[in-house]
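Peer 1: This is query.txt (compact mmCIF, C-alpha atoms).
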# COMPACT_ATOMS: atom_id res chain seq x y z
CA MET G 30 0.00 0.00 0.00
CA ILE G 31 0.97 3.63 -0.41
CA PRO G 32 2.20 5.29 2.79
CA LEU G 33 0.58 8.51 3.87
CA SER G 34 3.84 10.41 3.45
CA SER G 35 3.82 9.75 -0.32
CA TYR G 36 0.53 11.58 -0.70
CA LEU G 37 1.81 14.39 1.50
CA ILE G 38 4.98 14.71 -0.58
CA VAL G 39 2.98 14.92 -3.82
CA SER G 40 0.85 17.57 -2.16
CA ALA G 41 3.91 19.50 -0.93
CA VAL G 42 5.43 19.46 -4.41
CA LEU G 43 2.18 20.73 -5.94
CA PHE G 44 1.98 23.48 -3.31
CA ALA G 45 5.55 24.58 -3.99
CA ILE G 46 4.83 24.65 -7.74
CA GLY G 47 1.84 26.87 -7.06
CA THR G 48 3.91 29.18 -4.88
CA ALA G 49 6.60 29.42 -7.53
CA GLY G 50 3.94 30.25 -10.11
CA VAL G 51 2.55 33.08 -8.02
CA PHE G 52 6.02 34.57 -7.55
CA LEU G 53 7.56 33.95 -10.96
CA ARG G 54 4.80 34.61 -13.46
CA ARG G 55 3.79 38.07 -14.59
CA ASN G 56 0.32 37.27 -15.89
CA LEU G 57 -2.75 37.72 -13.70
CA ILE G 58 -4.57 34.70 -15.13
CA THR G 59 -1.58 32.40 -14.60
CA ILE G 60 -1.25 33.71 -11.04
CA LEU G 61 -4.89 32.78 -10.35
CA LEU G 62 -4.25 29.34 -11.88
CA SER G 63 -1.27 28.91 -9.52
CA VAL G 64 -3.53 29.74 -6.58
CA GLU G 65 -5.87 26.99 -7.80
CA ILE G 66 -2.92 24.56 -7.85
CA MET G 67 -2.15 25.46 -4.23
CA LEU G 68 -5.78 24.97 -3.17
CA ASN G 69 -5.80 21.57 -4.82
CA ALA G 70 -2.60 20.54 -3.10
CA VAL G 71 -4.25 21.34 0.24
CA ASN G 72 -7.35 19.39 -0.82
CA LEU G 73 -5.19 16.33 -1.47
CA THR G 74 -3.72 16.64 2.02
CA PHE G 75 -7.18 16.89 3.57
CA VAL G 76 -8.49 13.81 1.76
CA ALA G 77 -5.35 11.79 2.53
CA PHE G 78 -5.51 12.63 6.24
CA GLY G 79 -9.25 11.97 6.30
CA ARG G 80 -8.70 8.53 4.79
CA TYR G 81 -5.88 7.92 7.26
CA ARG G 82 -8.09 8.80 10.24
CA GLY G 83 -11.01 6.91 8.78
CA ASP G 84 -13.66 9.63 8.92
CA VAL G 85 -15.34 11.83 6.34
CA ASP G 86 -14.37 15.20 7.79
CA GLY G 87 -11.44 15.57 5.39
CA GLN G 88 -13.70 15.20 2.39
CA ILE G 89 -16.20 17.69 3.82
CA ILE G 90 -13.51 20.32 4.30
CA THR G 91 -12.55 19.63 0.70
CA PHE G 92 -16.06 20.65 -0.37
CA PHE G 93 -15.75 23.91 1.51
CA VAL G 94 -12.36 24.58 -0.07
CA MET G 95 -13.85 23.96 -3.50
CA THR G 96 -16.67 26.40 -2.76
CA VAL G 97 -14.21 29.05 -1.67
CA ALA G 98 -12.16 28.34 -4.80
CA ALA G 99 -15.23 28.88 -6.97
CA ALA G 100 -16.07 32.16 -5.23
CA GLU G 101 -12.44 33.26 -5.49
CA ALA G 102 -12.32 32.43 -9.20
CA ALA G 103 -15.54 34.35 -9.88
CA VAL G 104 -14.47 37.50 -8.02
CA GLY G 105 -10.87 37.27 -9.24
CA LEU G 106 -11.83 36.93 -12.87
CA ALA G 107 -14.29 39.82 -12.56
CA LEU G 108 -11.45 41.91 -11.12
CA ILE G 109 -9.17 40.85 -13.98
CA ILE G 110 -11.79 41.87 -16.55
CA ALA G 111 -12.24 45.26 -14.87
CA LEU G 112 -8.46 45.81 -14.72
CA PHE G 113 -7.98 44.77 -18.34
CA ARG G 114 -10.57 47.36 -19.42
CA HIS G 115 -8.51 50.08 -17.76
CA ARG G 116 -5.02 49.21 -18.94
CA GLU G 117 -5.32 46.69 -21.82
CA SER G 118 -2.78 44.54 -20.01
CA LEU G 119 -2.68 41.52 -17.77
CA ASN G 120 0.73 42.31 -16.35
CA PRO G 121 0.52 43.03 -12.60
CA ASP G 122 3.39 45.51 -12.96
CA ALA G 123 1.10 47.68 -15.08
CA PHE G 124 -1.18 48.37 -12.13
CA THR G 125 1.06 50.48 -9.93
CA SER G 126 -0.95 53.70 -9.85
CA LEU G 127 -1.38 53.45 -6.10
CA LYS G 128 2.36 53.09 -5.55
CA TRP G 129 3.94 56.31 -4.41
CA MET N 964 0.23 0.87 -6.35
CA ILE N 965 1.82 1.72 -9.68
CA LEU N 966 -1.26 3.81 -10.41
CA PHE N 967 -0.36 6.19 -7.60
CA TYR N 968 3.03 6.95 -9.11
CA ILE N 969 1.59 7.41 -12.60
CA LEU N 970 -1.17 9.76 -11.41
CA GLY N 971 1.13 11.68 -9.07
CA ALA N 972 3.69 12.13 -11.86
CA ILE N 973 0.98 13.36 -14.24
CA ALA N 974 -0.32 15.83 -11.64
CA VAL N 975 3.13 17.22 -10.86
CA ALA N 976 4.27 17.37 -14.49
CA ALA N 977 1.07 19.04 -15.68
CA SER N 978 1.26 21.60 -12.86
CA LEU N 979 4.88 22.35 -13.73
CA LEU N 980 3.90 22.89 -17.36
CA VAL N 981 1.04 25.17 -16.23
CA ILE N 982 3.49 27.68 -14.83
CA ALA N 983 6.00 27.10 -17.66
CA GLN N 984 3.58 27.98 -20.47
CA ARG N 985 3.53 31.47 -21.90
CA ASN N 986 0.07 31.08 -23.42
CA PRO N 987 -2.68 31.07 -20.76
CA ILE N 988 -4.97 28.84 -22.85
CA TYR N 989 -2.44 25.99 -22.70
CA SER N 990 -2.02 26.68 -18.98
CA VAL N 991 -5.75 26.25 -18.38
CA LEU N 992 -5.95 23.06 -20.44
CA LEU N 993 -2.92 21.57 -18.66
CA LEU N 994 -4.44 22.45 -15.31
CA ILE N 995 -7.53 20.46 -16.31
CA ALA N 996 -5.23 17.48 -16.98
CA SER N 997 -3.65 17.99 -13.56
CA PHE N 998 -7.10 18.03 -11.93
CA GLY N 999 -7.99 14.80 -13.74
CA ALA N 1000 -4.91 13.11 -12.29
CA LEU N 1001 -5.77 14.47 -8.83
CA SER N 1002 -9.26 13.06 -9.09
CA GLY N 1003 -7.68 9.68 -9.85
CA LEU N 1004 -5.70 10.05 -6.63
CA TYR N 1005 -8.96 10.75 -4.78
CA VAL N 1006 -10.37 7.48 -6.14
CA LEU N 1007 -7.28 5.70 -4.79
CA LEU N 1008 -8.01 7.32 -1.42
CA ASP N 1009 -11.54 5.82 -1.33
CA ALA N 1010 -13.15 9.20 -1.93
CA PRO N 1011 -15.10 8.67 -5.17
CA PHE N 1012 -17.56 11.47 -4.46
CA VAL N 1013 -14.79 14.03 -4.09
CA ALA N 1014 -13.26 12.70 -7.31
CA VAL N 1015 -16.52 13.22 -9.21
CA ILE N 1016 -17.00 16.69 -7.70
CA GLN N 1017 -13.44 17.52 -8.66
CA ILE N 1018 -14.14 16.69 -12.30
CA ILE N 1019 -17.61 18.25 -12.50
CA VAL N 1020 -17.12 21.42 -10.45
CA TYR N 1021 -13.41 22.12 -10.85
CA ALA N 1022 -12.56 20.90 -14.32
CA GLY N 1023 -16.06 21.40 -15.66
CA ALA N 1024 -17.14 24.73 -14.20
CA ILE N 1025 -14.25 26.73 -12.75
CA MET N 1026 -11.79 25.93 -15.51
CA VAL N 1027 -14.37 26.66 -18.21
CA LEU N 1028 -14.89 30.04 -16.53
CA PHE N 1029 -11.14 30.64 -16.76
CA LEU N 1030 -11.13 29.56 -20.41
CA PHE N 1031 -14.01 31.97 -21.12
CA VAL N 1032 -12.10 34.87 -19.60
CA VAL N 1033 -8.88 33.99 -21.42
CA MET N 1034 -10.69 33.92 -24.75
CA LEU N 1035 -12.77 37.02 -23.90
CA LEU N 1036 -9.75 39.14 -23.07
CA ASN N 1037 -7.83 37.86 -26.11
CA ALA N 1038 -4.42 38.66 -24.62
CA PRO N 1039 -2.67 35.35 -25.12
CA GLN N 1040 0.96 36.29 -24.60
CA GLU N 1041 2.64 37.92 -21.68
CA ASP N 1042 3.36 41.31 -23.17
CA GLY N 1043 6.85 42.76 -23.15
CA ALA N 1044 6.00 46.42 -22.57
CA GLU N 1045 8.60 48.86 -21.34
CA TRP N 1046 7.60 48.63 -17.68
CA ASP N 1047 8.11 44.90 -18.11
CA ARG N 1048 11.73 45.09 -19.22
CA THR N 1049 12.80 47.88 -16.93
CA HIS N 1050 11.08 46.48 -13.88
CA PRO N 1051 13.62 45.39 -11.26
CA LEU N 1052 11.82 42.07 -10.80
CA ARG N 1053 12.38 41.13 -14.44
CA ARG N 1054 16.10 40.52 -14.18
CA ALA N 1055 17.03 36.91 -14.87
CA GLY N 1056 18.86 36.48 -11.57
CA ILE N 1057 15.68 37.24 -9.63
CA GLY N 1058 13.79 34.56 -11.55
CA ARG N 1059 16.45 31.97 -10.81
CA PHE N 1060 16.40 33.01 -7.15
CA GLY N 1061 12.63 32.49 -7.06
CA ALA N 1062 12.93 29.05 -8.65
CA MET N 1063 15.64 28.18 -6.13
CA LEU N 1064 13.37 29.29 -3.27
CA ALA N 1065 10.60 27.04 -4.60
CA GLY N 1066 13.05 24.12 -4.73
CA VAL N 1067 14.14 24.83 -1.17
CA LEU N 1068 10.47 24.89 -0.12
CA ILE N 1069 9.94 21.43 -1.66
CA LEU N 1070 13.06 20.05 0.05
CA GLU N 1071 12.08 21.53 3.40
CA LEU N 1072 8.56 20.13 3.25
CA ALA N 1073 9.82 16.70 2.17
CA TYR N 1074 12.44 16.72 4.95
CA ALA N 1075 9.85 17.69 7.55
CA LEU N 1076 7.54 14.92 6.34
CA MET N 1077 10.35 12.39 6.58
CA LYS N 1078 11.03 13.39 10.16
CA VAL N 1079 7.45 13.15 11.43
CA ASN N 1080 6.71 9.83 13.07
CA GLY N 1081 3.71 7.72 12.19
CA LEU N 1082 3.28 8.91 8.63
CA GLY N 1083 4.79 5.76 7.21
CA ALA N 1084 1.63 3.78 7.83
CA ALA N 1085 -0.21 2.74 4.70
CA VAL N 1086 -3.23 4.89 3.96
CA GLY N 1087 -5.63 2.24 2.77
CA SER N 1088 -4.87 -0.31 5.48
CA GLN N 1089 -7.60 0.88 7.85
CA ALA N 1090 -10.60 -1.38 7.56
CA ASN N 1091 -13.22 1.35 7.24
CA ALA N 1092 -13.27 1.94 3.52
CA THR N 1093 -17.06 1.68 3.39
CA THR N 1094 -17.53 4.44 6.00
CA VAL N 1095 -15.14 6.79 4.30
CA SER N 1096 -16.44 6.31 0.79
CA SER N 1097 -20.15 6.40 1.59
CA VAL N 1098 -21.95 9.53 0.44
CA ARG N 1099 -24.72 8.82 2.93
CA GLU N 1100 -22.32 9.13 5.84
CA MET N 1101 -20.86 12.28 4.35
CA GLY N 1102 -24.27 13.90 4.00
CA LYS N 1103 -25.16 13.07 7.59
CA VAL N 1104 -22.00 14.66 8.94
CA LEU N 1105 -22.24 17.64 6.60
CA PHE N 1106 -25.78 18.53 7.64
CA SER N 1107 -25.37 17.85 11.35
CA ARG N 1108 -21.90 18.71 12.60
CA HIS N 1109 -21.00 21.15 9.83
CA ALA N 1110 -24.44 22.66 9.29
CA PHE N 1111 -23.36 26.16 10.28
CA ALA N 1112 -20.38 26.13 7.92
CA PHE N 1113 -22.68 24.88 5.17
CA GLU N 1114 -25.09 27.78 5.68
CA ALA N 1115 -22.22 30.26 5.89
CA THR N 1116 -21.01 28.92 2.55
CA SER N 1117 -24.31 29.87 0.93
CA VAL N 1118 -23.86 33.46 2.15
CA LEU N 1119 -20.30 33.40 0.78
CA ILE N 1120 -21.53 32.32 -2.64
CA LEU N 1121 -24.19 35.04 -2.65
CA VAL N 1122 -21.58 37.68 -1.78
CA ALA N 1123 -19.22 36.38 -4.47
CA MET N 1124 -22.03 36.46 -7.04
CA VAL N 1125 -23.02 40.04 -6.23
CA GLY N 1126 -19.37 41.09 -6.11
CA ALA N 1127 -18.58 39.55 -9.49
CA VAL N 1128 -21.57 41.26 -11.11
CA VAL N 1129 -20.69 44.64 -9.59
CA LEU N 1130 -17.00 44.40 -10.48
CA ALA N 1131 -17.44 43.25 -14.06
CA ARG N 1132 -20.11 45.83 -14.88
CA ARG N 1133 -19.02 48.69 -17.10
CA GLU N 1134 -18.85 52.03 -15.38
CA GLY N 1135 -21.64 54.40 -16.29
CA GLU N 1136 -24.22 51.69 -16.82
CA SER N 1137 -27.06 51.66 -14.40
Show how you would write the structure in this file as structure tokens.
Peer 2:
Amino acid sequence: MIPLSSYLIVSAVLFAIGTAGVFLRRNLITILLSVEIMLNAVNLTFVAFGRYRGDVDGQIITFFVMTVAAAEAAVGLALIIALFRHRESLNPDAFTSLKW
Amino acid sequence: MILFYILGAIAVAASLLVIAQRNPIYSVLLLIASFGALSGLYVLLDAPFVAVIQIIVYAGAIMVLFLFVVMLLNAPQEDGAEWDRTHPLRRAGIGRFGAMLAGVLILELAYALMKVNGLGAAVGSQANATTVSSVREMGKVLFSRHAFAFEATSVLILVAMVGAVVLARREGES
């Protein structure tokens, strides 16, 4: 059988990939996709621990995370559309008007 | 057994390609592949309902929303405008430093996981696969112990819906 640590390592690698995407990419859509990768890595951890403990709480938290991810995607994409209308760009460095 | 390694490798490789692509459409499609592999991992973990929800809600709804926005905005490439090249964060050394930090994060997490005791036990060896995989049990727990969180989630979705409509509306329209 697969040990629990294998699932956790896959999840850690996915989380680190998501973090690297948020820091390295200069495209708002790709940054949101990286956040989705991180949320999914956490979901995998929750389900693995839930299976390990033998109860369904891990899967239920996964549902809540998915709901939050859906809300985040809706609001984030609306923000991206509004920003793109102003600057015709998806580069986060283009939106520095508030920086003094 | 071998399935875990195949699915885990697909998930990790697809996620790596997501952040390596310059065209967001390919990123979104690769992320759907990564979610498919993750849903296979959920099946291995005796969580078939989560696997189905992952495909239907995540790959089917959220990713299609992303794809809509990518095609709507029609800005496929990361543009190389002047603020892009002159920005201090765009120097190549910074990018390599960021990649190195991500690698260090992976190593740290893996090292910490190796050091924790009790994680070496096999996941599927507990003899309660029927409890964990039953949707009936899940519904009972969701609507009894987590009822408040469930109701709060509905408020969250309402707020997100109103917020998305307000944000995406053109200014000047009533």
Peer 1: Figure out the distance between atom CA of Ala49 of chain G and atom CA of Ile110 of chain G, please, to one decimal in Å.
Peer 2: 24.0 Å
Peer 1: Just to confirm, what's the straight-line distance from atom CA of Thr1116 of chain N to atom CA of Ala98 of chain G in Å (one decimal)?
Peer 2: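 Taking atom CA of Thr1116 of chain N as the start and atom CA of Ala98 of chain G as the end point, the length is 11.5 Å.
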Peer 1: Could you list, as a compact mmCIF listing (two decimals) with C-alpha atoms, in the frame of the given file, the residues of chain G having an atom within 6 Å of chain N when counting only C-alpha atoms?
Peer 2:
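Now in iface-v1.txt:
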# COMPACT_ATOMS: atom_id res chain seq x y z
CA MET G 30 0.00 0.00 0.00
CA ILE G 31 0.97 3.63 -0.41
CA PRO G 32 2.20 5.29 2.79
CA LEU G 33 0.58 8.51 3.87
CA SER G 34 3.84 10.41 3.45
CA ILE G 38 4.98 14.71 -0.58
CA VAL G 42 5.43 19.46 -4.41
CA ALA G 45 5.55 24.58 -3.99
CA ALA G 49 6.60 29.42 -7.53
CA GLY G 50 3.94 30.25 -10.11
CA TYR G 81 -5.88 7.92 7.26
CA ASP G 84 -13.66 9.63 8.92
CA VAL G 85 -15.34 11.83 6.34
CA ALA G 100 -16.07 32.16 -5.23
CA VAL G 104 -14.47 37.50 -8.02
CA ALA G 107 -14.29 39.82 -12.56
CA ALA G 111 -12.24 45.26 -14.87
Peer 1: Select, from G:Ser118, G:Thr48, G:Ser40, G:Ser126, the residue with the minimum atom-to-atom distance to Ser63 of chain G, counting all atoms listed in the file.
Peer 2: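 Among G:Ser118, G:Thr48, G:Ser40, G:Ser126, it is G:Thr48 that comes nearest to Ser63 of chain G.
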Peer 1: Taking (-12.9, 19.7, 4.9) in the file's own coordinates, collect the residues within 10 Å, counting only C-alpha atoms, and hand them back as an mmCIF file with C-alpha atoms, keeping the file's coordinate frame.
Peer 2:
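Written out: point-v4.cif:
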data_model
loop_
_atom_site.group_PDB
_atom_site.id
_atom_site.type_symbol
_atom_site.label_atom_id
_atom_site.label_comp_id
_atom_site.auth_asym_id
_atom_site.auth_seq_id
_atom_site.Cartn_x
_atom_site.Cartn_y
_atom_site.Cartn_z
ATOM 1 C CA VAL G 71 -4.250 21.340 0.240
ATOM 2 C CA ASN G 72 -7.350 19.390 -0.820
ATOM 3 C CA PHE G 75 -7.180 16.890 3.570
ATOM 4 C CA VAL G 76 -8.490 13.810 1.760
ATOM 5 C CA GLY G 79 -9.250 11.970 6.300
ATOM 6 C CA VAL G 85 -15.340 11.830 6.340
ATOM 7 C CA ASP G 86 -14.370 15.200 7.790
ATOM 8 C CA GLY G 87 -11.440 15.570 5.390
ATOM 9 C CA GLN G 88 -13.700 15.200 2.390
ATOM 10 C CA ILE G 89 -16.200 17.690 3.820
ATOM 11 C CA ILE G 90 -13.510 20.320 4.300
ATOM 12 C CA THR G 91 -12.550 19.630 0.700
ATOM 13 C CA PHE G 92 -16.060 20.650 -0.370
ATOM 14 C CA PHE G 93 -15.750 23.910 1.510
ATOM 15 C CA VAL G 94 -12.360 24.580 -0.070
ATOM 16 C CA MET G 95 -13.850 23.960 -3.500
ATOM 17 C CA LEU N 1105 -22.240 17.640 6.600
ATOM 18 C CA HIS N 1109 -21.000 21.150 9.830
#
Peer 1: How many Å separate atom CA of Ile973 of chain N from atom CA of Gly1023 of chain N?
Peer 2: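 Calculated distance between atom CA of Ile973 of chain N and atom CA of Gly1023 of chain N is 18.9 Å.
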Peer 1: Neighbours of segment 55-57 of chain G within 7 Å (all atoms listed in the file; same-chain residues fewer than 3 positions away dropped), as a list in words?
Peer 2: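 Once the nearby chain positions are removed, what remains is Ile60, Leu61, Leu119, Asn120 and Pro121 of chain G; Glu1041 of chain N.
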